[in-house]
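Novice: Please find one structure pasted underneath; my questions will follow.
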Amino acid sequence: MFNFTVKYLGFLKAVPPLPFVFDGLLLMWSFLARPGLIDTLDEIESRVLHCDGASKTVHPYGGIQFNCNGKEVGHIHGNGLLDIRFSKKIKHQLLAEGKIEHHHIFKNSGWVSFYITGKADADYAIKLLHNSYVKIRDGATK
């Protein structure tokens, strides 16, 4: 459902409430179909927010956005899709590990996607978010 909606109905993200409604539906579906995922997303959120200067906001296209010094560290959609921006060099290193994918929309950018499917993915998701957080915190631009 997510990929179909993004691919064929992505233009609807410009309608102000629709991304939030869609992400809310994803979250409800996750709650019903994969209840353990909600606990995992809560754990990730809690651990990321323990970092100095970390905060969260609502992502413009739905989900929870984590920030450091006013810059996006990454965001998680209600279906467990974690999106994070790295340099292209780091992205290619991560791709070689085989755990992440090209971003579901911006394939030729530094953005990556990681699908969190359950508790076993929490540590890797936190590692990815922490790496992004450290680069932003330390002022790295690439």
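Scheme for the structure tokens: letters A, B, ... for chains in order shown; per-chain residue numbers from 1; ligand numbers from 1 in order shown.
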Set the distance at 6 Å and use only C-alpha atoms: which residues neighbour Ala54 of chain A once local chain neighbours fewer than 5 positions away are removed? I'd like the list as a VMD selection string.

Specialist: chain A and resid 49 67 to 68

Novice: Pull the strand (DSSP E or B) assignments for segment 4-111 of chain A out of DSSP run on the backbone, and list those residues as a list in words.

Specialist: Ala54, Ser55, Lys56, Thr57, Val58, Ile64, Gln65, Phe66, Asn67, Cys68, Lys71, Glu72, Val73, Gly74, His75, Ile76, Leu81, Leu82, Asp83, Ile84, Arg85, Glu101, His102 and Trp111 of chain A

Novice: Determine, counting only C-alpha atoms, which protein, DNA and RNA residues have an atom within 12 Å of an atom of Ser109 of chain A; residues of the same chain fewer than 5 positions away are not included. Present the result as a list of chain:residue names.

Specialist: A:Asp83, A:Ile84, A:Arg85, A:Phe86, A:Ser87, A:Lys88, A:Lys89, A:Ile90, A:Lys91, A:His92, A:Glu101, A:His102, A:His103, A:His104

Novice: List the spatial neighbours of segment 27-33 of chain A as a list in words - criterion: any atom at most 9 Å away, only C-alpha atoms, same-chain residues fewer than 3 positions off excluded.

Specialist: Phe22, Asp23, Gly24, Gly36, Leu37, Ile38, Gly63, His77, Gly78, Asn79 and Gly80 of chain A

Novice: For Val73 of chain A, list every protein, DNA or RNA residue within 6 Å, evaluated using only C-alpha atoms, and leave out those in the same chain fewer than 4 positions away; present the list as a list in words.

Specialist: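 These residues fall inside the cut-off: Phe66, Asn67, Ser132 and Tyr133 of chain A.
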
Novice: Those residues with N, CA, C and O atoms, as a short mmCIF file (atom, residue, chain, number, x, y, z; two decimals), in the first residue's frame please?

Specialist:
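Once written, result.cif looks like this:
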```cif
data_model
loop_
_atom_site.label_atom_id
_atom_site.label_comp_id
_atom_site.auth_asym_id
_atom_site.auth_seq_id
_atom_site.Cartn_x
_atom_site.Cartn_y
_atom_site.Cartn_z
N PHE A 66 13.21 13.27 13.73
CA PHE A 66 14.19 13.53 14.77
C PHE A 66 15.13 14.63 14.28
O PHE A 66 15.54 14.63 13.13
N ASN A 67 15.45 15.56 15.19
CA ASN A 67 16.27 16.72 14.84
C ASN A 67 17.44 16.87 15.81
O ASN A 67 17.36 16.44 16.96
N SER A 132 23.91 9.67 11.91
CA SER A 132 23.43 10.92 11.32
C SER A 132 23.47 12.05 12.35
O SER A 132 23.90 13.16 12.06
N TYR A 133 23.03 11.74 13.57
CA TYR A 133 23.02 12.71 14.66
C TYR A 133 24.42 13.25 14.93
O TYR A 133 24.63 14.46 15.04
#
```
